[in-house]
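Beneath this line is the structure, given in C-alpha cells, with notes to follow.
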Amino acid sequence: LQWTLMGHSMGCFSAMRLCDHFLKRRRTSSSSTKLPPVNLSNKLVLWGVAAFLPFVTDLSQYQTSSSLSSSSPSDGLDVLLVQGSNDAFVEMLKSGQEVLKSYFPQYSTREEVIVGGTHDGFGSYVFPTAANMLDNENILVDHAVAKQQKQACSITSKFLLE
C-alpha cells in the first residue's frame, strides 16, 4: 500500500514539509537504517495552495527522470496543484504564484484549474470562513461545493492512477 501526501490551503505547506522529510530520509537511508513502515509514493497533491512564500518547502530538487512520471518512487516527485479559478486566497497572492511554482520539480508539476471553483469549495465547512466571505463578496459563487469536490477528486484520482 502506497501513501500519498495531500494538503488543502495551509495544509499544503505541512504536506510539502513532510514530503521533503520522507524523501530526504529515503535518499540518505542505508539498508541497515530502519525506516518506519511507510511506503510513500512519489506523488504530492495540493489543493487551493496560495503563495504564502515564507511557509514553502523547496521541492525542486526532486526532479523525475522524465517529464511525465518516474518509474521508481526514489527517482523524484510528481506534483499536482488543483486550484479554483475563483479562489480569493490564491488571487490575493497571485503575484507570488510563479515564485511558488519554482519550488516544485519543473518537469513533473502540473496545475489543473476548476473553473468557478472557490477556496472553500475544496472542503466541507460548517461555518463560513474568511475565504468564503471574500469569495462571496467579490464573485458570485454559483459553483456547487459537491460539483467542485467531485471534479477535484476526479482530477486527483486520475493523477494518482497514472
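Residues are referred to by chain and number: the chain letter is A, B, ... according to the order shown in the C-alpha cells, the number counts from 1 in that chain, and ligands are numbered separately from 1 in the order shown.
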message: Neighbouring residues of A:Ile114 were defined as those with any atom within 7 Å, considering only C-alpha atoms; residues of the same chain fewer than 6 positions away were excluded. Please report them as an NGL selection string.
response: :A and (83-85)
query: What lies within 9 Å of stretch 46-50 of chain A using only C-alpha atoms, ignoring chain neighbours under 4 positions off, as an NGL selection string?
result: :A and (5-13 or 15-16 or 79-84 or 87 or 89-94 or 96-97 or 100 or 118-120 or 122 or 152)
Selection export as a tab-separated table (two decimals), in the first residue's frame, atoms kept: C-alpha atoms:
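Below you can see again-v5.tsv, which holds the result:
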```tsv
chain	number	residue	atom	x	y	z
A	5	LEU	CA	0.64	13.17	0.89
A	6	MET	CA	-2.00	15.76	0.19
A	7	GLY	CA	-2.96	19.13	1.60
A	8	HIS	CA	-5.51	21.90	1.24
A	9	SER	CA	-4.74	25.56	1.86
A	10	MET	CA	-2.23	25.89	4.72
A	11	GLY	CA	-2.20	22.08	4.96
A	12	CYS	CA	-0.33	22.14	1.64
A	13	PHE	CA	2.71	23.53	3.42
A	15	ALA	CA	2.35	18.18	3.24
A	16	MET	CA	5.28	19.77	1.41
A	79	VAL	CA	3.21	17.25	-8.05
A	80	LEU	CA	-0.40	18.10	-8.78
A	81	LEU	CA	-1.74	21.57	-7.98
A	82	VAL	CA	-5.54	21.83	-8.13
A	83	GLN	CA	-6.78	25.41	-7.99
A	84	GLY	CA	-10.18	27.06	-8.19
A	87	ASP	CA	-10.13	31.20	-5.14
A	89	PHE	CA	-6.69	33.48	-1.36
A	90	VAL	CA	-4.83	32.40	-4.49
A	91	GLU	CA	-5.97	35.56	-6.28
A	92	MET	CA	-4.92	37.74	-3.33
A	93	LEU	CA	-1.35	36.38	-3.56
A	94	LYS	CA	-1.29	35.96	-7.35
A	96	GLY	CA	3.80	35.19	-5.93
A	97	GLN	CA	2.31	32.20	-7.77
A	100	LEU	CA	5.68	29.34	-5.63
A	118	THR	CA	-13.54	28.60	-4.75
A	119	HIS	CA	-11.15	28.11	-1.85
A	120	ASP	CA	-13.88	26.76	0.43
A	122	PHE	CA	-12.42	22.02	-1.65
A	152	ALA	CA	-11.20	17.80	-7.60
```
message: Between A:Asn42, A:Ser157, A:Thr28, A:Gln151, which residue has the minimum interatomic distance to A:Gln63, considering only C-alpha atoms?
response: A:Asn42
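In this model, the gap between atom CA of A:Ser41 and atom CA of A:Asp20 comes to 12.3 Å.
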query: Nearest to A:Glu112 among A:Lys158, A:Lys43, A:Lys24, A:Arg17, with distances taken over only C-alpha atoms: which residue is it?
result: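 Closest to A:Glu112 of all the choices is A:Lys158.
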- prompt: Between atom CA of A:Pro54 and atom CA of A:Asn39, what is the spacing in Å?
  reply: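 Between atom CA of A:Asn39 and atom CA of A:Pro54 the gap is 28.9 Å.
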query: Looking at A:Ile155, A:Arg26, A:Gly76, A:Ala51, which one is nearest to A:Ala88, with distances taken over only C-alpha atoms?
result: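 Under the stated criterion, the closest residue is A:Ala51.
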query: What are the DSSP strand (DSSP E) residues of stretch 47-111 of chain A, as a list of chain:residue names?
result: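 Residues of stretch 47-111 of chain A classed as strand (DSSP E): A:Trp47, A:Asp78, A:Val79, A:Leu80, A:Leu81, A:Val82, A:Gln83, A:Gly84, A:Thr109, A:Arg110, A:Glu111.
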message: Give me, as a PyMOL selection string, all polymer residues having an atom no more than 6 Å from A:Tyr62, counting only C-alpha atoms and skipping those fewer than 3 positions away in the same chain.
response: chain A and resi 59+76-77+105
What does the file look like for those residues with N, CA and C atoms, as a PDB file, in the first residue's frame?
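Result saved to again26.pdb:
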```pdb
ATOM      1  N   LEU A  59      10.968  21.907  -3.066  1.00  0.00           N
ATOM      2  CA  LEU A  59      10.954  20.516  -3.529  1.00  0.00           C
ATOM      3  C   LEU A  59      11.514  20.398  -4.947  1.00  0.00           C
ATOM      4  N   GLY A  76      12.160  10.692  -8.038  1.00  0.00           N
ATOM      5  CA  GLY A  76      11.734  12.082  -7.995  1.00  0.00           C
ATOM      6  C   GLY A  76      10.337  12.232  -7.448  1.00  0.00           C
ATOM      7  N   LEU A  77       9.722  13.348  -7.803  1.00  0.00           N
ATOM      8  CA  LEU A  77       8.424  13.687  -7.250  1.00  0.00           C
ATOM      9  C   LEU A  77       7.532  14.262  -8.336  1.00  0.00           C
ATOM     10  N   PRO A 105       9.298  20.526  -8.704  1.00  0.00           N
ATOM     11  CA  PRO A 105      10.057  19.997  -9.842  1.00  0.00           C
ATOM     12  C   PRO A 105       9.494  20.549 -11.158  1.00  0.00           C
TER      13      PRO A 105
END
```
